[in-house]
>>> print(open('input.txt').read())   # compact mmCIF, C-alpha atoms
# COMPACT_ATOMS: atom_id res chain seq x y z
CA MET I 1 -22.60 -30.70 -3.67
CA SER I 2 -23.41 -33.70 -1.45
CA ASP I 3 -26.85 -34.56 -0.13
CA ALA I 4 -25.63 -33.91 3.41
CA ASN I 5 -24.74 -30.34 2.44
CA GLY I 6 -28.07 -30.06 0.67
CA ALA I 7 -29.86 -31.00 3.88
CA ASN I 8 -28.35 -27.99 5.62
CA ASP I 9 -29.48 -25.76 2.73
CA LEU I 10 -33.06 -26.60 3.63
CA ALA I 11 -32.80 -24.72 6.88
CA ALA I 12 -31.29 -21.65 5.21
CA GLN I 13 -34.00 -21.33 2.55
CA GLY I 14 -36.72 -18.96 3.66
CA GLY I 15 -39.12 -19.48 0.75
CA SER I 16 -39.39 -21.33 -2.52
CA GLY I 17 -41.62 -21.53 -5.52
CA THR I 18 -42.67 -24.40 -7.72
CA THR I 19 -43.72 -24.63 -11.30
CA SER I 20 -46.54 -27.02 -12.07
CA SER I 21 -48.28 -28.18 -15.20
CA GLY I 22 -50.23 -31.04 -16.65
CA GLY I 23 -47.18 -32.03 -18.71
CA PRO I 24 -43.88 -30.80 -20.15
CA GLY I 25 -45.59 -28.58 -22.69
CA GLY I 26 -47.74 -26.59 -20.26
CA ALA I 27 -45.66 -25.39 -17.34
CA ALA I 28 -46.90 -22.30 -15.49
CA ALA I 29 -44.93 -20.51 -12.79
CA ARG I 30 -46.39 -20.08 -9.33
CA GLY I 31 -44.57 -18.09 -6.66
CA THR I 32 -45.03 -18.43 -2.93
CA GLY I 33 -44.31 -16.07 -0.07
CA PRO I 34 -41.67 -16.62 2.62
CA THR I 35 -42.34 -19.64 4.77
CA GLU I 36 -40.36 -21.60 7.30
CA GLY I 37 -37.87 -23.97 5.70
CA LEU I 38 -37.32 -27.63 6.54
CA PRO I 39 -35.14 -28.15 9.63
CA GLY I 40 -31.34 -28.50 9.47
CA GLU I 41 -29.60 -31.71 10.46
CA ALA I 42 -28.47 -30.38 13.82
CA ASP I 43 -32.07 -29.77 14.92
CA ARG I 44 -33.57 -33.02 13.70
CA GLN I 45 -34.99 -35.60 16.09
CA ASN I 46 -36.41 -39.00 15.28
CA ALA I 47 -40.03 -38.63 14.29
CA PRO I 48 -42.55 -40.25 16.65
CA GLY I 49 -43.83 -43.62 15.54
CA GLN I 50 -41.12 -44.16 12.89
CA ALA I 51 -39.08 -47.07 14.24
CA PRO I 52 -36.31 -48.17 11.83
CA ALA I 53 -35.95 -51.84 10.93
CA PRO I 54 -32.54 -53.51 11.41
CA ASP I 55 -31.73 -52.98 7.71
CA GLY I 56 -32.35 -49.24 7.96
CA SER I 57 -35.72 -49.18 6.19
CA THR I 58 -39.12 -48.62 7.73
CA ALA I 59 -42.61 -49.45 6.57
CA SER I 60 -46.16 -48.98 7.80
CA ALA I 61 -45.05 -46.31 10.21
CA ALA I 62 -47.56 -44.82 12.62
CA PRO I 63 -48.48 -41.15 12.07
CA ALA I 64 -46.45 -38.57 13.91
CA ALA I 65 -47.66 -37.05 17.14
CA SER I 66 -50.91 -35.16 16.71
CA ALA I 67 -50.67 -31.45 16.05
CA ALA I 68 -53.33 -28.78 15.89
CA PRO I 69 -55.19 -29.24 12.59
CA GLY I 70 -54.23 -26.61 10.01
CA PRO I 71 -55.98 -25.60 6.81
CA SER I 72 -53.53 -27.54 4.64
CA GLY I 73 -54.42 -30.85 6.29
CA ARG I 74 -58.20 -30.59 6.17
CA GLY I 75 -60.12 -32.73 3.74
CA ARG I 76 -57.14 -34.28 1.95
CA HIS I 77 -54.79 -37.16 2.65
CA VAL I 78 -51.82 -38.74 0.90
CA ARG I 79 -49.63 -41.72 1.78
CA VAL I 80 -45.92 -41.10 1.15
CA VAL I 81 -42.66 -43.06 1.18
CA LEU I 82 -39.34 -41.22 1.71
CA VAL I 83 -36.31 -42.52 -0.21
CA ASP I 84 -32.99 -40.86 0.65
CA ASP I 85 -29.63 -42.29 1.69
CA HIS I 86 -29.16 -39.79 4.53
CA ARG I 87 -31.07 -40.83 7.65
CA MET I 88 -30.88 -37.36 9.20
CA PHE I 89 -32.46 -35.82 6.12
CA ARG I 90 -35.28 -38.40 6.14
CA THR I 91 -35.85 -37.67 9.82
CA GLY I 92 -36.04 -33.94 9.15
CA VAL I 93 -38.53 -34.32 6.30
CA GLN I 94 -40.62 -36.72 8.38
CA ALA I 95 -40.73 -34.23 11.26
CA GLU I 96 -41.61 -31.33 8.97
CA ILE I 97 -44.33 -32.81 6.74
CA GLY I 98 -45.37 -36.01 8.51
CA GLN I 99 -47.76 -34.50 11.08
CA THR I 100 -50.82 -35.90 9.33
CA ASP I 101 -53.46 -33.90 11.23
CA ARG I 102 -51.76 -30.68 10.18
CA THR I 103 -50.46 -31.46 6.68
CA GLY I 104 -52.58 -34.36 5.43
CA VAL I 105 -49.36 -36.28 4.66
CA GLU I 106 -48.92 -39.75 6.16
CA VAL I 107 -45.38 -41.13 5.90
CA VAL I 108 -45.86 -44.89 5.61
CA GLY I 109 -42.25 -45.91 5.01
CA GLU I 110 -38.71 -44.89 4.21
CA ALA I 111 -35.59 -46.42 2.66
CA PRO I 112 -31.91 -45.53 2.16
CA ASP I 113 -31.05 -47.40 -1.06
CA VAL I 114 -32.49 -48.91 -4.23
CA ASP I 115 -33.22 -52.45 -3.00
CA GLN I 116 -34.92 -51.34 0.21
CA ALA I 117 -36.81 -48.63 -1.64
CA VAL I 118 -38.32 -51.10 -4.09
CA SER I 119 -39.24 -53.43 -1.22
CA VAL I 120 -40.92 -50.73 0.88
CA ILE I 121 -42.74 -49.17 -2.09
CA THR I 122 -44.03 -52.57 -3.21
CA SER I 123 -45.24 -53.53 0.27
CA THR I 124 -46.87 -50.21 1.23
CA ARG I 125 -48.16 -49.05 -2.20
CA PRO I 126 -47.99 -45.32 -1.39
CA GLU I 127 -49.62 -42.70 -3.57
CA VAL I 128 -46.45 -40.59 -3.79
CA VAL I 129 -42.75 -41.42 -3.36
CA LEU I 130 -40.26 -38.66 -2.52
CA LEU I 131 -37.21 -39.95 -4.38
CA ASP I 132 -33.60 -38.83 -4.12
CA VAL I 133 -31.68 -38.98 -7.41
CA HIS I 134 -28.39 -40.29 -6.02
CA LEU I 135 -28.82 -43.57 -4.13
CA PRO I 136 -26.65 -46.62 -3.42
CA GLY I 137 -27.53 -49.45 -5.78
CA GLY I 138 -28.14 -47.58 -9.03
CA GLY I 139 -29.77 -44.25 -8.19
CA GLY I 140 -33.32 -42.97 -8.45
CA VAL I 141 -33.56 -43.99 -12.11
CA GLU I 142 -33.10 -47.63 -11.09
CA VAL I 143 -35.91 -47.36 -8.53
CA LEU I 144 -38.16 -45.95 -11.26
CA ARG I 145 -37.22 -48.74 -13.65
CA ARG I 146 -38.01 -51.45 -11.10
CA CYS I 147 -41.28 -49.78 -10.11
CA SER I 148 -42.53 -49.19 -13.66
CA ALA I 149 -45.42 -51.64 -13.22
CA LEU I 150 -46.62 -49.79 -10.11
CA MET I 151 -46.51 -46.47 -11.96
CA ALA I 152 -48.56 -47.96 -14.80
CA ASP I 153 -51.28 -49.34 -12.51
CA ALA I 154 -54.47 -47.64 -13.73
CA GLU I 155 -56.42 -48.16 -10.49
CA GLN I 156 -53.75 -47.38 -7.90
CA PRO I 157 -50.74 -45.69 -9.53
CA VAL I 158 -47.64 -44.94 -7.50
CA ARG I 159 -46.34 -41.51 -8.50
CA PHE I 160 -42.81 -40.23 -7.94
CA LEU I 161 -41.57 -36.76 -7.04
CA ALA I 162 -37.78 -36.34 -7.17
CA LEU I 163 -36.37 -34.42 -4.19
CA SER I 164 -32.65 -33.86 -4.63
CA VAL I 165 -29.78 -31.51 -3.91
CA SER I 166 -28.77 -31.80 -7.57
CA ASP I 167 -29.99 -29.25 -10.10
CA ALA I 168 -28.02 -30.75 -13.00
CA ALA I 169 -29.97 -30.96 -16.26
CA GLU I 170 -29.00 -34.59 -16.86
CA ASP I 171 -30.33 -35.63 -13.44
CA VAL I 172 -33.62 -33.80 -13.97
CA ILE I 173 -34.17 -35.17 -17.47
CA GLY I 174 -33.06 -38.66 -16.45
CA VAL I 175 -35.68 -39.14 -13.73
CA ILE I 176 -38.44 -37.47 -15.77
CA ARG I 177 -37.72 -39.82 -18.66
CA GLY I 178 -37.78 -42.62 -16.09
CA GLY I 179 -41.36 -41.73 -15.15
CA ALA I 180 -41.17 -39.24 -12.25
CA ARG I 181 -43.97 -36.66 -12.22
CA GLY I 182 -41.81 -33.82 -10.95
CA TYR I 183 -38.49 -32.64 -9.58
CA VAL I 184 -37.84 -30.20 -6.75
CA THR I 185 -34.59 -29.31 -5.01
CA LYS I 186 -33.86 -29.57 -1.31
CA THR I 187 -34.03 -25.79 -0.92
CA ILE I 188 -37.83 -26.12 -1.06
CA THR I 189 -39.79 -25.12 2.05
CA GLY I 190 -41.97 -27.52 4.02
CA SER I 191 -45.25 -25.94 2.93
CA ASP I 192 -44.24 -25.91 -0.73
CA LEU I 193 -43.16 -29.54 -0.50
CA VAL I 194 -46.54 -30.55 0.93
CA ASP I 195 -48.28 -28.65 -1.86
CA SER I 196 -46.06 -30.33 -4.48
CA ILE I 197 -46.84 -33.78 -3.06
CA PHE I 198 -50.58 -33.22 -3.39
CA ARG I 199 -50.20 -31.85 -6.92
CA VAL I 200 -48.28 -34.96 -7.95
CA GLN I 201 -50.91 -37.15 -6.27
CA GLU I 202 -53.52 -35.44 -8.46
CA GLY I 203 -51.49 -36.13 -11.61
CA ASP I 204 -49.86 -32.73 -12.14
CA ALA I 205 -46.22 -32.28 -13.11
CA VAL I 206 -44.30 -30.13 -10.60
CA PHE I 207 -40.85 -28.58 -10.90
CA SER I 208 -38.70 -26.04 -9.10
CA PRO I 209 -38.83 -22.94 -11.34
CA ARG I 210 -35.35 -23.05 -12.88
CA LEU I 211 -35.60 -26.79 -13.54
CA ALA I 212 -38.76 -26.57 -15.65
CA GLY I 213 -36.73 -25.10 -18.50
CA PHE I 214 -34.55 -28.21 -18.66
CA VAL I 215 -37.61 -30.39 -19.17
CA LEU I 216 -39.22 -28.07 -21.71
CA ASP I 217 -36.00 -27.89 -23.71
CA ALA I 218 -35.48 -31.65 -23.60
CA PHE I 219 -38.99 -32.64 -24.69
CA ALA I 220 -39.92 -29.72 -26.96
CA SER I 221 -36.75 -29.61 -29.03
CA THR I 222 -36.80 -31.45 -32.33
CA ASP I 223 -33.01 -31.61 -32.19
CA ALA I 224 -32.71 -33.38 -28.84
CA PRO I 225 -29.19 -34.75 -28.28
CA PRO I 226 -28.79 -38.49 -28.77
CA VAL I 227 -28.54 -40.77 -25.76
CA ASP I 228 -24.91 -41.26 -24.70
CA GLU I 229 -24.69 -45.02 -24.32
CA ASP I 230 -21.25 -44.82 -22.69
CA LEU I 231 -22.49 -42.40 -20.02
CA ASP I 232 -25.63 -44.47 -19.46
CA ARG I 233 -23.43 -47.40 -18.38
CA LEU I 234 -22.41 -45.45 -15.28
CA THR I 235 -24.41 -45.29 -12.07
CA GLN I 236 -25.29 -41.92 -10.58
CA ARG I 237 -22.51 -42.26 -7.98
CA GLU I 238 -19.98 -43.20 -10.66
CA ARG I 239 -20.96 -40.05 -12.59
CA GLU I 240 -20.36 -37.95 -9.48
CA VAL I 241 -16.90 -39.47 -9.01
CA LEU I 242 -16.18 -39.05 -12.71
CA ARG I 243 -16.92 -35.32 -12.62
CA LEU I 244 -14.81 -34.75 -9.51
CA ILE I 245 -11.87 -36.72 -10.94
CA ALA I 246 -12.12 -34.73 -14.16
CA ARG I 247 -12.04 -31.49 -12.14
CA GLY I 248 -8.75 -32.53 -10.56
CA TYR I 249 -9.93 -33.62 -7.11
CA ALA I 250 -7.75 -36.08 -5.16
CA TYR I 251 -9.29 -39.31 -3.88
CA LYS I 252 -9.32 -38.01 -0.29
CA GLU I 253 -11.11 -34.84 -1.37
CA ILE I 254 -13.72 -36.83 -3.27
CA ALA I 255 -14.24 -39.13 -0.29
CA LYS I 256 -14.79 -36.16 2.00
CA GLN I 257 -17.20 -34.42 -0.38
CA LEU I 258 -19.31 -37.52 -1.07
CA TYR I 259 -19.15 -38.90 2.50
CA ILE I 260 -17.65 -42.20 1.38
CA SER I 261 -14.33 -43.92 2.05
CA VAL I 262 -11.21 -43.52 -0.07
CA LYS I 263 -11.40 -47.23 -0.84
CA THR I 264 -14.93 -46.76 -2.17
CA VAL I 265 -13.72 -43.90 -4.36
CA GLU I 266 -10.99 -46.13 -5.76
CA SER I 267 -13.58 -48.82 -6.52
CA HIS I 268 -15.79 -46.31 -8.34
CA VAL I 269 -12.86 -44.99 -10.38
CA SER I 270 -11.88 -48.52 -11.37
CA ALA I 271 -15.46 -49.25 -12.42
CA VAL I 272 -15.64 -46.05 -14.48
CA LEU I 273 -12.36 -46.78 -16.26
CA ARG I 274 -13.46 -50.34 -16.99
CA LYS I 275 -16.91 -49.38 -18.30
CA LEU I 276 -15.54 -46.58 -20.49
CA GLN I 277 -12.50 -48.63 -21.58
CA LEU I 278 -10.06 -45.96 -20.45
CA SER I 279 -6.59 -46.48 -18.97
CA ASN I 280 -6.07 -43.66 -16.47
CA ARG I 281 -7.52 -40.50 -14.97
CA HIS I 282 -5.93 -38.31 -17.65
CA GLU I 283 -7.86 -40.12 -20.39
CA LEU I 284 -10.94 -39.94 -18.17
CA THR I 285 -10.54 -36.15 -17.85
CA ARG I 286 -10.29 -35.74 -21.62
CA TRP I 287 -13.33 -37.98 -22.09
CA ALA I 288 -15.43 -35.94 -19.62
CA THR I 289 -14.25 -32.60 -21.01
CA ALA I 290 -15.18 -33.62 -24.56
CA ARG I 291 -18.73 -34.29 -23.33
CA ARG I 292 -18.88 -31.06 -21.33
CA LEU I 293 -19.39 -32.94 -18.07
CA VAL I 294 -16.77 -30.99 -16.12
>>> encode(input="input.txt", output="structure tokens")
Amino acid sequence: MSDANGANDLAAQGGSGTTSSGGPGGAAARGTGPTEGLPGEADRQNAPGQAPAPDGSTASAAPAASAAPGPSGRGRHVRVVLVDDHRMFRTGVQAEIGQTDRTGVEVVGEAPDVDQAVSVITSTRPEVVLLDVHLPGGGGVEVLRRCSALMADAEQPVRFLALSVSDAAEDVIGVIRGGARGYVTKTITGSDLVDSIFRVQEGDAVFSPRLAGFVLDAFASTDAPPVDEDLDRLTQREREVLRLIARGYAYKEIAKQLYISVKTVESHVSAVLRKLQLSNRHELTRWATARRLV
């Protein structure tokens, strides 16, 4: 599923729960009642005070237009950066959670790819980063790697909460191992997302309910599977293309599903074949099937 399709799922979701804990060994489920979901792409408008820079990133944005103060925004405040490669999705999240007087969340910047994300995060030093897993330039794991010093800052740590359409175990485990404090899917509601942001700011670990099991299994098991060095050579986007090729998709179908050009798909396939030292898509399919990636 692409991130653009995931953005539309946000509007259809009427309520969501999160699981939070102080660490992988202590997750506790917490359900929430039905609430209004984040807006769909068709209804999104540019958030007030969030003027994009020529390169597509924004920093030090002014708070959104004032709204009537609500209980969730009283007495608490958190500075947030949004990292997602779909502008319409960033706009929708900004409009939903960025009314600081109501939610307590101040969106201080946003970015569409790895390089701009690292630049905006470094310059604004937010308390929480909402991080998509699949990004141009190496994915969310690469952002985490390049921001490791900021996460380790004892006085002013930058904490990361993954917000992605993907619910694949390898994506969840990958960003948690990279240092993210939680992982929620884009079916989460606006109120639950605000709550998750504040929990991460306070140092809690937060997960969508079905994803918590992935983390518990990965970190509690004494027989954890070894790291696949071949798979680790691939970027997140290359892994997406790999899976679709292995499932028999044509280049045009992959391009349509991932919202990229056919030429870009061809480039990704060439890179995958080169990195894995394979000759053609048939060998690639066998390779992916043997690792249960299909």
>>> residues_near_point(input="input.txt", point="(-26.3, -50.7, -7.6)", cutoff="10 Å", atoms="only C-alpha atoms", output="CSV table (one decimal) with C-alpha atoms, keeping the file's coordinate frame")
chain,number,residue,atom,x,y,z
I,113,ASP,CA,-31.0,-47.4,-1.1
I,114,VAL,CA,-32.5,-48.9,-4.2
I,115,ASP,CA,-33.2,-52.4,-3.0
I,135,LEU,CA,-28.8,-43.6,-4.1
I,136,PRO,CA,-26.6,-46.6,-3.4
I,137,GLY,CA,-27.5,-49.4,-5.8
I,138,GLY,CA,-28.1,-47.6,-9.0
I,139,GLY,CA,-29.8,-44.2,-8.2
I,142,GLU,CA,-33.1,-47.6,-11.1
I,235,THR,CA,-24.4,-45.3,-12.1
I,236,GLN,CA,-25.3,-41.9,-10.6
I,237,ARG,CA,-22.5,-42.3,-8.0
>>> closest_residue(input="input.txt", among="I:Asp171, I:Glu253, I:Glu266, I:Asp230", to="I:Leu278", atoms="only C-alpha atoms")
I:Asp230
>>> atom_distance(input="input.txt", atom1="atom CA of I:Lys186", atom2="atom CA of I:Leu131")
11.3 Å
>>> residues_around(input="input.txt", residues="I:Thr122", least_positions_apart="2", cutoff="12 Å", atoms="all atoms listed in the file", output="list in words")
Ala59, Ser60, Val81, Val108, Gly109, Glu110, Ala111, Asp115, Gln116, Ala117, Val118, Ser119, Val120, Thr124, Arg125, Pro126, Glu127, Val129, Val143, Leu144, Arg146, Cys147, Ser148, Ala149, Leu150, Met151, Gln156, Pro157 and Val158 of chain I
>>> closest_residue(input="input.txt", among="I:Arg87, I:Leu276, I:Val80, I:Gly104", to="I:Leu161", atoms="all atoms listed in the file")
I:Val80
>>> atom_distance(input="input.txt", atom1="atom CA of I:Thr285", atom2="atom CA of I:Gly174")
22.7 Å
>>> atom_distance(input="input.txt", atom1="atom CA of I:Pro112", atom2="atom CA of I:Val141")
14.4 Å
>>> closest_residue(input="input.txt", among="I:His77, I:Glu202, I:Asp195, I:His134", to="I:Leu258", atoms="all atoms listed in the file")
I:His134
>>> closest_residue(input="input.txt", among="I:Val262, I:Val206, I:Val241, I:Leu231", to="I:Trp287", atoms="only C-alpha atoms")
I:Leu231
>>> closest_residue(input="input.txt", among="I:Glu240, I:Asp101, I:Glu283, I:Asp204", to="I:Gln257", atoms="only C-alpha atoms")
I:Glu240
>>> closest_residue(input="input.txt", among="I:Lys256, I:Leu293, I:Glu238, I:Arg247", to="I:Lys275", atoms="all atoms listed in the file")
I:Glu238
